[in-house]
Every structure is written in structure tokens, then in C-alpha cells.
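Text of the file my_file-v7.txt, holding compact mmCIF, C-alpha atoms and all ligand atoms:
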# COMPACT_ATOMS: atom_id res chain seq x y z
CA MET A 16 -294.21 -12.60 -99.72
CA LYS A 17 -291.19 -12.57 -97.43
CA ILE A 18 -290.50 -10.40 -94.37
CA ILE A 19 -287.26 -10.25 -92.41
CA HIS A 20 -287.80 -8.90 -88.92
CA PHE A 21 -285.10 -7.80 -86.50
CA SER A 22 -285.06 -5.73 -83.33
CA ASP A 23 -283.26 -4.17 -80.38
CA PRO A 24 -279.71 -3.63 -81.67
CA HIS A 25 -279.18 -1.03 -78.90
CA ALA A 26 -276.34 1.16 -80.15
CA CYS A 27 -274.75 2.67 -77.04
CA LEU A 28 -272.36 5.54 -76.39
CA ALA A 29 -271.26 7.34 -73.24
CA PRO A 30 -273.31 10.44 -72.35
CA GLN A 31 -272.56 13.05 -75.00
CA HIS A 32 -273.96 16.07 -73.22
CA LEU A 33 -273.70 17.42 -69.70
CA SER A 34 -277.50 17.30 -69.30
CA ALA A 35 -277.36 13.51 -69.77
CA LEU A 36 -275.61 13.20 -66.42
CA PHE A 37 -278.73 14.42 -64.67
CA ASP A 38 -281.45 12.28 -66.21
CA LYS A 39 -282.26 8.69 -67.18
CA ARG A 40 -279.48 8.57 -69.79
CA ILE A 41 -276.78 8.08 -67.18
CA LEU A 42 -278.66 5.07 -65.79
CA GLY A 43 -279.11 3.66 -69.31
CA PHE A 44 -275.43 4.09 -70.05
CA PHE A 45 -274.35 2.28 -66.87
CA ASN A 46 -276.90 -0.43 -67.53
CA HIS A 47 -275.37 -0.99 -70.95
CA THR A 48 -271.77 -0.68 -69.82
CA PHE A 49 -271.99 -3.01 -66.85
CA ARG A 50 -274.64 -5.44 -68.04
CA ARG A 51 -275.55 -5.34 -71.73
CA SER A 52 -272.12 -4.81 -73.30
CA PHE A 53 -270.93 -8.15 -71.95
CA ASN A 54 -273.40 -9.83 -74.27
CA HIS A 55 -274.38 -7.40 -77.04
CA ASP A 56 -272.17 -7.50 -80.10
CA PRO A 57 -272.73 -4.40 -82.30
CA ALA A 58 -271.19 -6.22 -85.28
CA MET A 59 -274.24 -8.49 -85.36
CA LEU A 60 -276.29 -5.60 -86.71
CA ASP A 61 -273.91 -5.34 -89.68
CA LYS A 62 -274.33 -9.09 -90.19
CA ALA A 63 -278.11 -8.75 -90.04
CA VAL A 64 -278.07 -5.95 -92.62
CA GLU A 65 -275.82 -8.03 -94.90
CA PHE A 66 -278.14 -11.01 -94.47
CA ILE A 67 -281.21 -8.95 -95.38
CA LEU A 68 -279.51 -7.47 -98.44
CA ARG A 69 -278.58 -10.99 -99.57
CA GLU A 70 -282.04 -12.43 -98.96
CA LYS A 71 -283.87 -9.50 -100.60
CA PRO A 72 -287.19 -9.85 -98.74
CA ASP A 73 -290.23 -7.86 -99.81
CA VAL A 74 -290.18 -6.04 -96.48
CA ALA A 75 -287.64 -5.54 -93.66
CA VAL A 76 -289.06 -4.59 -90.27
CA CYS A 77 -287.15 -3.23 -87.27
CA THR A 78 -289.26 -3.10 -84.12
CA GLY A 79 -287.24 -0.54 -82.20
CA ASP A 80 -284.56 0.05 -79.58
CA ILE A 81 -281.94 0.95 -82.17
CA THR A 82 -280.32 3.01 -79.38
CA SER A 83 -279.77 2.52 -75.66
CA THR A 84 -280.37 6.02 -74.31
CA GLY A 85 -281.87 7.85 -77.31
CA GLN A 86 -278.90 10.20 -77.74
CA PRO A 87 -278.30 11.83 -81.15
CA ALA A 88 -274.85 10.22 -81.46
CA GLU A 89 -276.35 6.77 -80.81
CA PHE A 90 -278.90 7.34 -83.58
CA GLU A 91 -276.04 8.38 -85.87
CA LYS A 92 -274.17 5.19 -85.01
CA ALA A 93 -277.21 3.00 -85.65
CA MET A 94 -278.10 4.85 -88.87
CA GLU A 95 -274.57 4.35 -90.15
CA GLN A 96 -274.96 0.61 -89.74
CA LEU A 97 -278.46 0.61 -91.23
CA ALA A 98 -277.48 2.85 -94.17
CA PRO A 99 -276.98 0.05 -96.73
CA LEU A 100 -280.50 -1.18 -95.99
CA ILE A 101 -282.03 2.29 -95.96
CA SER A 102 -280.54 3.08 -99.37
CA SER A 103 -281.50 -0.30 -100.87
CA SER A 104 -284.67 -0.99 -102.82
CA ILE A 105 -286.05 -3.18 -99.99
CA GLU A 106 -289.11 -1.74 -98.22
CA PHE A 107 -288.01 -0.94 -94.69
CA LEU A 108 -290.30 -0.19 -91.74
CA TYR A 109 -289.06 1.02 -88.35
CA VAL A 110 -291.01 1.74 -85.17
CA PRO A 111 -289.44 3.35 -82.08
CA GLY A 112 -288.59 1.36 -78.96
CA ASN A 113 -288.73 2.69 -75.42
CA HIS A 114 -284.94 3.25 -75.48
CA ASP A 115 -285.31 5.40 -78.62
CA ALA A 116 -287.79 7.67 -76.82
CA TYR A 117 -285.80 7.66 -73.60
CA VAL A 118 -285.93 11.19 -72.19
CA LYS A 119 -287.69 14.50 -72.67
CA ASP A 120 -284.78 16.30 -74.28
CA LYS A 121 -285.19 18.41 -77.41
CA ALA A 122 -282.05 17.12 -79.15
CA CYS A 123 -282.92 13.49 -78.40
CA GLU A 124 -286.52 13.93 -79.55
CA LYS A 125 -285.38 15.54 -82.79
CA ALA A 126 -282.85 12.74 -83.38
CA LEU A 127 -285.64 10.15 -83.05
CA LYS A 128 -287.94 12.08 -85.39
CA ASP A 129 -285.19 12.45 -87.99
CA ALA A 130 -284.17 8.79 -87.75
CA PHE A 131 -287.79 7.66 -88.02
CA TYR A 132 -288.36 9.82 -91.10
CA THR A 133 -285.17 8.69 -92.84
CA ILE A 134 -285.43 4.96 -92.08
CA ASN A 135 -289.02 4.88 -93.27
CA GLY A 136 -288.03 6.31 -96.64
CA MET A 137 -289.23 9.85 -95.85
CA ARG A 138 -292.84 8.68 -96.05
CA TRP A 139 -294.17 9.80 -92.65
CA ASP A 140 -293.37 11.95 -89.66
CA LEU A 141 -293.42 10.19 -86.31
CA GLU A 142 -296.49 12.17 -85.22
CA GLU A 143 -298.48 10.67 -88.11
CA LEU A 144 -298.50 7.19 -86.59
CA PRO A 145 -300.44 4.98 -86.55
CA ILE A 146 -300.43 4.49 -90.30
CA ARG A 147 -301.40 1.55 -92.47
CA LEU A 148 -300.09 0.56 -95.83
CA GLU A 149 -300.07 -2.35 -98.21
CA LEU A 150 -296.81 -4.08 -98.97
CA GLY A 151 -296.34 -7.37 -100.81
CA GLY A 152 -300.03 -8.22 -100.61
CA CYS A 153 -300.26 -7.72 -96.83
CA GLU A 154 -301.69 -4.85 -94.81
CA PHE A 155 -299.26 -3.38 -92.29
CA ILE A 156 -300.26 -1.26 -89.30
CA VAL A 157 -297.29 0.72 -88.01
CA LEU A 158 -297.59 1.96 -84.45
CA ASN A 159 -295.65 4.11 -81.99
CA GLU A 160 -296.07 2.89 -78.42
CA CYS A 161 -293.07 4.65 -76.90
CA HIS A 162 -292.87 7.93 -75.05
CA PRO A 163 -290.41 9.10 -72.38
CA THR A 164 -291.13 7.59 -68.97
CA ASN A 165 -289.68 8.09 -65.53
CA ILE A 166 -286.39 6.56 -64.48
CA PHE A 167 -287.91 3.36 -63.06
CA LEU A 168 -289.95 2.34 -66.11
CA SER A 169 -289.26 0.61 -69.41
CA SER A 170 -292.91 0.50 -70.36
CA GLY A 171 -294.92 1.84 -73.28
CA SER A 172 -298.51 2.85 -73.76
CA LEU A 173 -301.18 2.53 -76.40
CA LYS A 174 -302.89 5.90 -76.64
CA GLU A 175 -306.68 5.85 -76.58
CA HIS A 176 -306.77 7.84 -79.81
CA ASP A 177 -304.51 5.29 -81.55
CA ALA A 178 -306.55 2.37 -80.20
CA LYS A 179 -309.70 3.91 -81.71
CA ILE A 180 -308.08 4.40 -85.12
CA ILE A 181 -306.74 0.83 -85.20
CA SER A 182 -310.11 -0.56 -84.07
CA LYS A 183 -311.81 1.37 -86.88
CA TRP A 184 -309.39 0.04 -89.48
CA CYS A 185 -309.77 -3.49 -88.14
CA ALA A 186 -313.58 -3.24 -88.30
CA GLU A 187 -313.28 -3.02 -92.09
CA LYS A 188 -313.57 -6.26 -94.04
CA LYS A 189 -310.17 -7.90 -94.20
CA THR A 190 -309.08 -8.69 -97.74
CA LYS A 191 -305.44 -9.54 -97.03
CA PRO A 192 -303.33 -10.59 -94.04
CA ARG A 193 -303.08 -7.84 -91.46
CA ILE A 194 -299.73 -7.38 -89.70
CA LEU A 195 -299.03 -5.12 -86.74
CA ALA A 196 -295.55 -3.64 -86.24
CA GLY A 197 -294.95 -2.32 -82.70
CA HIS A 198 -292.23 -2.53 -80.08
CA PHE A 199 -294.03 -4.36 -77.26
CA PRO A 200 -295.50 -7.86 -77.13
CA VAL A 201 -299.29 -7.68 -76.89
CA ARG A 202 -300.37 -11.30 -76.42
CA LEU A 203 -301.00 -11.93 -72.78
CA LYS A 204 -298.82 -14.99 -72.38
CA GLN A 205 -295.62 -13.31 -73.58
CA GLY A 206 -296.76 -9.72 -73.17
CA ASN A 207 -297.22 -10.06 -69.45
CA LEU A 208 -293.89 -8.56 -68.41
CA GLY A 209 -295.22 -6.76 -65.37
CA ALA A 210 -296.42 -3.16 -65.30
CA ARG A 211 -292.91 -1.72 -65.16
CA ARG A 212 -291.83 -3.25 -68.47
CA SER A 213 -294.96 -3.87 -70.55
CA LEU A 214 -297.39 -2.02 -72.82
CA LYS A 215 -300.09 -0.21 -70.89
CA ASN A 216 -303.62 -0.35 -72.36
CA ARG A 217 -302.69 -3.18 -74.70
CA GLN A 218 -306.10 -4.89 -74.36
CA THR A 219 -307.40 -3.54 -77.68
CA LEU A 220 -304.45 -4.99 -79.55
CA SER A 221 -304.54 -8.27 -77.60
CA SER A 222 -308.22 -8.75 -78.47
CA LEU A 223 -307.70 -7.97 -82.14
CA LEU A 224 -304.83 -10.43 -82.29
CA LEU A 225 -306.55 -13.20 -80.35
CA SER A 226 -309.69 -12.88 -82.50
CA GLY A 227 -307.63 -13.14 -85.70
CA THR A 228 -308.64 -9.64 -86.83
CA ILE A 229 -304.92 -8.92 -86.76
CA ASP A 230 -303.09 -11.95 -88.14
CA LEU A 231 -299.59 -11.28 -86.91
CA SER A 232 -297.95 -9.00 -84.36
CA LEU A 233 -294.25 -8.29 -84.90
CA CYS A 234 -292.49 -7.00 -81.80
CA GLY A 235 -289.21 -6.71 -79.93
CA HIS A 236 -288.47 -5.40 -76.41
CA VAL A 237 -287.93 -8.90 -75.00
CA HIS A 238 -284.35 -9.67 -75.97
CA LYS A 239 -284.81 -13.37 -76.43
CA HIS A 240 -286.67 -14.32 -79.61
CA PHE A 241 -289.93 -16.23 -79.45
CA LYS A 242 -293.03 -16.99 -81.44
CA ASN A 243 -296.44 -17.50 -79.99
CA THR A 244 -298.42 -18.65 -82.99
CA ASP A 245 -301.07 -21.15 -84.01
CA ALA A 246 -300.75 -23.92 -86.60
CA ALA A 247 -301.24 -21.40 -89.43
CA GLY A 248 -298.47 -19.18 -88.07
CA ARG A 249 -300.91 -16.54 -86.80
CA GLY A 250 -300.07 -14.82 -83.53
CA GLU A 251 -297.01 -12.98 -82.29
CA VAL A 252 -293.35 -13.00 -83.27
CA CYS A 253 -290.62 -11.35 -81.21
CA ALA A 254 -287.31 -11.08 -83.06
CA GLY A 255 -285.27 -10.77 -79.85
CA SER A 256 -282.19 -8.58 -79.82
CA THR A 257 -280.18 -8.88 -83.02
CA THR A 258 -276.99 -7.93 -81.20
CA LEU A 259 -277.61 -10.27 -78.28
CA ASP A 260 -278.78 -13.60 -79.66
CA GLY A 261 -277.90 -12.75 -83.25
CA ASN A 262 -281.13 -13.92 -84.82
CA VAL A 263 -283.54 -12.43 -87.27
CA ALA A 264 -287.04 -13.75 -87.93
CA VAL A 265 -287.74 -14.87 -91.48
CA ILE A 266 -291.46 -14.81 -92.15
CA GLU A 267 -293.14 -15.96 -95.35
CA TYR A 268 -296.79 -15.63 -96.13
CA LEU A 269 -297.80 -18.61 -98.23
CA ALA A 270 -300.88 -17.33 -100.02
CA ASN A 271 -301.93 -20.68 -101.49
CA ASP A 272 -302.11 -22.23 -98.02
CA ASP A 273 -303.15 -18.98 -96.30
CA ARG A 274 -300.53 -19.46 -93.59
CA PHE A 275 -297.29 -17.96 -92.33
CA SER A 276 -294.02 -19.86 -92.19
CA ILE A 277 -291.79 -18.46 -89.43
CA SER A 278 -288.20 -19.32 -88.62
CA PHE A 279 -285.38 -17.71 -86.66
CA VAL A 280 -282.08 -17.56 -88.47
CA SER A 281 -278.64 -16.64 -87.22
CA ALA A 282 -277.57 -13.57 -89.16
CA GLY A 283 -273.84 -14.19 -88.74
CA SER A 284 -272.66 -17.46 -87.31
CA SER A 285 -268.94 -16.57 -87.46
CA THR A 286 -269.21 -13.89 -84.76
CA GLN A 287 -272.20 -15.18 -82.86
CA LYS A 288 -271.67 -15.12 -79.11
CA LYS A 289 -272.98 -17.63 -76.66
CA LYS A 290 -276.65 -17.10 -75.92
CA SER A 291 -277.07 -15.87 -72.39
CA GLY A 292 -280.83 -15.94 -71.92
CA ASP A 293 -280.63 -12.25 -70.97
CA GLU A 294 -284.12 -10.85 -71.30
CA ASN A 295 -283.32 -7.28 -70.33
CA VAL A 296 -285.50 -4.70 -71.98
FE FE B 301 -287.57 -2.06 -75.31
FE FE B 302 -284.50 -3.50 -75.92
For the structure just supplied, provide its representation as C-alpha cells.
Amino acid sequence: MKIIHFSDPHACLAPQHLSALFDKRILGFFNHTFRRSFNHDPAMLDKAVEFILREKPDVAVCTGDITSTGQPAEFEKAMEQLAPLISSSIEFLYVPGNHDAYVKDKACEKALKDAFYTINGMRWDLEELPIRLELGGCEFIVLNECHPTNIFLSSGSLKEHDAKIISKWCAEKKTKPRILAGHFPVRLKQGNLGARRSLKNRQTLSSLLLSGTIDLSLCGHVHKHFKNTDAAGRGEVCAGSTTLDGNVAVIEYLANDDRFSISFVSAGSSTQKKKSGDENV
């Protein structure tokens, strides 16, 4: 059972609508233009998609921030690059990042809903999350932690209702590895980004992960990849930003040994830029 996990490609375009000049989008655009674009290479997403198509994993997972300011044109740009993967036979899961749910704007919200529906193979509407499903002999819990916040925040929140549902599912006897797909780190060591940038109310998920009730948490948001796992590969994996450090996480569940093998692989060494250590979220 093989998973390829990538995150945070951050497609970015200048504000496309007059209203964007008066909300958080203008800040996001300047942030990208004057900080992120010096390091992010959009072509790395194409390389990652090519890599995944070559490797043919059982499941591909994108843990969000496919856009920078959640504008419809940014979703279009990202979807264009993801199209070969979306139309392939590889199972593909996507959860929103905080930049995909950037502002309370009808057109932006619709663009996220449409992208979510299409990338996930027209299986669920965004409002249906959390959902769980079995893929390749593992149980996946797919979660939306992202909702528009004020201009100073890049945080997410675990809704009480969602925490209850996930707790109920996790109280059932586990018969296969249980994998969480969300945007934010939930383990305390790496998830402690400060209130402005982290997942509010993450304690339920942290406890389930630390107790082994959830085997693996796949996340993004932090743009530098990391793993925080035990000897059996159980714990948390952050894929980093595909367009910043150019890596994807290759995760194999080895059923005979009941452990995960996790490695970070450069998706396209020919265009890889120097790693900057930028951990912007
Ligand atoms: Fe993020
Ligand atoms: Fe991000």
C-alpha cells in the first residue's frame, strides 16, 4: 500500500476582482509577490504530478493550500496543473488549506467547493466532511479544518461537531491502519505554531494520534517537510510545500511488519531551487 503525499503548492495570481482590493486577498497577494514568489516555483507542482503518475501509488493526498488567496482564477490555475492526476485512475484525496478558504466571498467559496468536489472524484461536497473511507487496506479520515479568518490569522479550527464524529469513529475497534488527512499539524511538538498560525481545538486529534488510535496524521501548512514518527512510522508527516522545497512524501504501509516506511523525495531535481528554510504558512 503506497501513498504519495504533497501539499501547499500555492498558485498565486494578482487580485482578479475589485472587491479583492478591500479584503485579505490584497495582503495575501503582496505576501506572495514580495516574499513567497522568490522561493516558490510553480513548475514543481507539474513535476510532482508527473512523479505521482509515474509511481502509480494506491492513493495521492494533497493537504491543502493549492491557492494563495482562494480566488477562482487561482483554483483554475491549480486545477489545470492537477488535471492529469485528477483524470488518472489513482485515488486522489484533497483537503482545503487556510489559503483555499481565505475570505468570505461568494465566488471564492464556490470556487473552493467546486475544486473540492472535482479533485475528490465527485464523491463528496465540502459540507459533508469529515468523511471516512477505506483505500488500499487503510482507513482514511478526511477533514476540513479551514474557514475564513480575519486578516491577522492563518489558523484553522476543529469544530466541536467534527471532533465528536471523529471520536465516535475512533472508538470503534480498529481493524486496519487509520490515517488522518488534514491541513494543520496536530502533534504538539510540531503543531505548536502559536495561536495565530495553528489549529484551534486540536486536542482531540492530538490525543487520538498520541494514543495510537489514529496511526498517521498527514498534514501541510508548515512549508518545510518533517516527520514526527515512532520506530514503526506512526505519528505525523508534513509534506512541506511542493513548490518551495520540491519534495513529496512517499509512504508505504508494510502490512507484514505492521509499520510505515516514510521518505521524502525530490519530485523534480532538474528545476529544484535552493532550500530556503522558509516556513511561511
Ligand atoms: Fe496553510
Ligand atoms: Fe501554505
Margin query: List the spatial neighbours of Phe66 in chain A as a ChimeraX atom specification - criterion: any atom at most 9 Å away, all atoms listed in the file, same-chain residues fewer than 4 positions off excluded.
Written below: /A:61-62,70-71,282-283
Next item on the list: Find the residues near Thr190 in chain A: any atom within 12 Å, counting only C-alpha atoms, skip ones fewer than 4 places away on the same chain, and give them as a VMD selection string.
Entry: chain A and resid 149 152 to 154 185 to 186 228 to 230 273
Check: How would you write, as a PyMOL selection string, the set of residues no farther than 7 Å from ligand FE 302 (chain B) when counting all atoms listed in the file?
Finding: chain A and resi 23+25+80+114+235-238+256+295-296
Next item on the list: Please check which protein, DNA or RNA residues sit within 12 Å of ligand FE 301 (chain B), counting only C-alpha atoms and all ligand atoms, and write them as a VMD selection string.
Entry: chain A and resid 22 to 25 43 78 to 85 110 to 117 160 to 163 168 to 171 197 to 200 208 211 to 214 234 to 239 253 to 256 294 to 296
Next item on the list: Could you jot down the CA of Glu142 in chain A to CA of Lys128 in chain A separation for me, Å, one decimal place?
Entry: 8.6 Å
Notebook entry, point to check: Any idea what the distance is between CA of Leu148 in chain A and CA of Ala63 in chain A?
Noted result: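 These atoms are spaced 24.6 Å apart.
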Next item on the list: For CA of Ile266 in chain A and CA of Phe241 in chain A, quote the distance in Å rounded to one decimal.
Entry: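 We find that CA of Ile266 in chain A and CA of Phe241 in chain A lie 12.9 Å from each other.
The smallest atom-to-atom distance between Ile156 in chain A and any of A:Asn46, A:Ser172, A:Ser281, A:Ser182, using all atoms listed in the file, is found for A:Ser182.
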Margin query: If we count all atoms listed in the file and set the cut-off at 12 Å, which residues sit around range 270-272 of chain A, ignoring sequence neighbours fewer than 5 positions away in its own chain? Please answer as a list in words.
Written below: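 So, after excluding close chain neighbours, the residues are Met16, Lys17, Gly151, Gly152, Cys153, Lys191, Pro192, Ala246, Ala247 and Gly248 of chain A.
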Notebook entry, point to check: If we count all atoms listed in the file, what is near Val252 in chain A at a cut-off of 10 Å, once residues fewer than 5 positions away on the same chain are taken out, given as a list of chain:residue names?
Noted result: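 My list of contacting residues is A:His20, A:Pro200, A:Arg202, A:Gln205, A:Leu231, A:Ser232, A:Leu233, A:Cys234, A:Gly235, A:His240, A:Phe241, A:Lys242, A:Asn243, A:Thr244, A:Ala264, A:Ile266, A:Ile277, A:Ser278, A:Phe279.
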Item checked: Nearest residue to Leu127 in chain A from the set A:Leu220, A:Ala178, A:Leu269, A:Ala88 (distances using all atoms listed in the file) ->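 Among A:Leu220, A:Ala178, A:Leu269, A:Ala88, it is A:Ala88 that comes nearest to Leu127 in chain A.
Nearest to Ser104 in chain A of all the residues A:Ala75, A:Ile146, A:Ile180, A:Ala122 is A:Ala75, counting all atoms listed in the file.
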Next item on the list: Point out the residue among A:Arg193, A:Phe21, A:Ala210, A:Thr219 with the least atom-to-atom distance to His176 in chain A, counting all atoms listed in the file.
Entry: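 Using all atoms listed in the file, His176 in chain A sits closest to A:Thr219.
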